[in-house]
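Worksheet: one structure, shown below.
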Amino acid sequence: MSVAQDKLGTANSELNAHVREIVQWHFDPETGCPFWLDYAKKLDFDPCEKIHSYDDLALLGHFEDEWLRGGPVRQWVPKAYANDPIYVFETGGSTGLPKYRINVRDFQTDYALYSESLSEEGFPKGADWLMLGPSGPRRLRLAVEHLAQLRGGICFMVDLDPRWVNRLIRDGKMREMETYKAHVVDQALKVLKAHENVQCVFTTPKLLEALSEKVSLPQLGIKGIFCGGTEMNAQFHRFAREELVPGIDFIPTYGNTLMGLACCKPFDPIDDYAIIYYPPQPRAVIELVDPDDPTRKVDYGETGRVMLTTLTKEFFMPRFLERDEAERAEPIEHYPWDGVENLRLLTQLNESVVVGVY
């Protein structure tokens with residue numbers, strides 16, 4: 001057995017053991033959350049007895065989008081954390097009723113693990129950060145700040161309301177949208193010029209482009225950019241590295257409130273700027289499935305819909321069909337499990353979803 005096969009086998013064993021632990025936790029009357037304890041009463045089997053592996057999660061069906069919209073939000077708080085301080089974060093930037101996810105420490109854990117993937121050269125310890133993007137009720141505000149603090153820095157915040165931007169776009173108020181974007185970018189420029197120790201930035205592709213039209217980030221001393229959003233593709237990746245921020249450690253990322261953060265495969269010219277993400281297994285697993293038949297996992301290189309499973313003691317979300325699609329990527333040495341390449345909005349939604357400033 002090769003090293004890669006050995007690592008893949010180990011990763012699968014660890015995933016299955018983690019699944020058993022999380023299922024036992026969420027379906028135990030002493031530790032589980034009210035939602036899953038009530039859900040178990042509707043089943044004709046005991047999940048703790050029947051679910052022994054990741055594949056066995058299929059017995060629970062698909063997690064439904066609507067379960068997270070509205071309340072009561074405390075139905076998602078595990079009994080083991082009933083007396084802990086509880087955070088609640090919204091997902092997305094659309095104008096409908098948002099999905100809500102409770103957090104205790106997951107957002108800190110996710111970003112602490114992600115921190116280990118960042119280089120000292122691009123994201124120096126002790127450097128300060130600028131977080132330019134949607135904060136407010138989203139976990140990015142606290143999560144990026146935690147990342148900066150964990151690395152010994154201070155995080156400066158410039159807020160952006162994606163719901164307002166999307167409303168302006170839907171109403172055809174493009175001039176107002178551009179004015180709001182300019183307002184946000186202007187605030188970021190003030191931070192960058194006033195605080196010399198800001199060397200790291202989190203932002204979205206569109207905001208990075210708008211910021212780079214006003215100032216040279218390399219000349220301002222920015223060394224690392226952590227960038228994520230639905231507009232992140234190979235074309236923008238090349239544009240960013242070659243024209244917007246040459247010489248800067250540019251790190252694409254894929255993350256959301258439901259999953260945590262996926263790491264990007266280290267940049268290699270041989271990939272032709274393709275962006276390949278690997279989820280934080282075993283805390284989260286991504287499968288790419290046939291959009292017309294979610295029971296079928298697609299082959300390597302084939303396009304599939306993202307099916308996300310989140311497995312933490314704070315949040316259990318089995319087999320949720322996301323609104324994204326990608327090509328299935330093979331495991332690599334550092335991440336011995338499947339990845340996703342060229343992630344993007346699901347083709348069927350291209351005309352109905354506004355991505356705004358992402």
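Quick note on naming: the chains in the structure tokens go A, B, ... in the order shown, residues restart at 1 in each chain, and ligands are numbered from 1 in order of appearance.
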**OP:** With a distance cut-off of 12 Å and only C-alpha atoms, select the neighbouring residues of Pro294 of chain A, excluding the residue or stretch itself and same-chain residues fewer than 2 positions from it, and output the selection as a ChimeraX atom specification.
**Re:** /A:58,61-62,287-292,296-298,304-308,319-322
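In the backbone-derived DSSP annotation, helix (DSSP H, G or I) within segment 124-171 of chain A comprises Leu140, Arg141, Leu142, Ala143, Val144, Glu145, His146, Leu147, Ala148, Gln149, Leu150, Pro162, Arg163, Trp164, Val165, Asn166, Arg167, Leu168, Ile169 and Arg170 of chain A.
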Original post:
What lies within 9 Å of segment 237-251 of chain A using only C-alpha atoms, ignoring chain neighbours under 6 positions off, as a PyMOL selection string?
Top reply: chain A and resi 118-119+121-123+205+208-209+212-213+216-218+222-228+263-264+266-267+272-275
Original post:
Could you name the residues that touch Tyr81 of chain A at 12 Å or less, counting only C-alpha atoms, but leaving out those on the same chain fewer than 6 positions away, as a ChimeraX atom specification?
Top reply: /A:25-26,30-34,74-75,87,102-105,313-315
Selected residues, C-alpha atoms, written as a PDB file, in the first residue's frame, please.
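File selection-v8.pdb, as written:
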ATOM      1  CA  TRP A  25     -23.352  12.931  21.348  1.00  0.00           C
ATOM      2  CA  HIS A  26     -26.290  14.527  19.502  1.00  0.00           C
ATOM      3  CA  GLU A  30     -27.838  14.031  28.350  1.00  0.00           C
ATOM      4  CA  THR A  31     -25.821  15.922  25.728  1.00  0.00           C
ATOM      5  CA  GLY A  32     -27.846  16.212  22.507  1.00  0.00           C
ATOM      6  CA  CYS A  33     -29.848  19.135  21.196  1.00  0.00           C
ATOM      7  CA  PRO A  34     -33.679  19.188  21.298  1.00  0.00           C
ATOM      8  CA  ARG A  74     -32.464  27.102  21.096  1.00  0.00           C
ATOM      9  CA  GLN A  75     -33.609  23.805  19.625  1.00  0.00           C
ATOM     10  CA  TYR A  87     -23.545  32.957  19.810  1.00  0.00           C
ATOM     11  CA  ILE A 102     -25.614  28.599  17.039  1.00  0.00           C
ATOM     12  CA  ASN A 103     -21.949  28.619  18.065  1.00  0.00           C
ATOM     13  CA  VAL A 104     -20.111  28.248  21.330  1.00  0.00           C
ATOM     14  CA  ARG A 105     -16.483  27.793  20.340  1.00  0.00           C
ATOM     15  CA  LYS A 313     -20.402  18.657  19.106  1.00  0.00           C
ATOM     16  CA  GLU A 314     -22.008  22.053  18.676  1.00  0.00           C
ATOM     17  CA  PHE A 315     -23.624  21.374  15.314  1.00  0.00           C
TER      18      PHE A 315
END
Subject >> Coordinates-based distance that separates atom CA of Leu59 of chain A from atom CA of Gln348 of chain A (Å, one decimal) >> reply: 27.3 Å
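Distances to Arg20 of chain A were evaluated for A:Leu68, A:Leu113, A:Val340, A:Leu311 using only C-alpha atoms, and the minimum falls at A:Leu311.
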Original post:
Near Lys181 of chain A, counting only C-alpha atoms, which residues have an atom at most 12 Å away, once you skip same-chain residues fewer than 2 positions from it, shown as a VMD selection string?
Top reply: chain A and resid 132 to 133 158 to 162 164 to 166 168 174 to 179 183 to 188 206 to 211 356 to 358
Original post:
If you run DSSP on the backbone, which residues of segment 98-322 of chain A are strand (DSSP E), as a ChimeraX atom specification?
Top reply: /A:100-103,128-133,155-159,198-203,224-228,249-256,260-264,276-278,284-290,293-297,303-311,316-322
**OP:** Can you pull out every residue within 9 Å of segment 38-47 of chain A, counting only C-alpha atoms, but drop anything in the same chain fewer than 3 positions away, and send it as a VMD selection string?
**Re:** chain A and resid 23 to 24 27 33 to 35 50 to 52 57 59 to 60
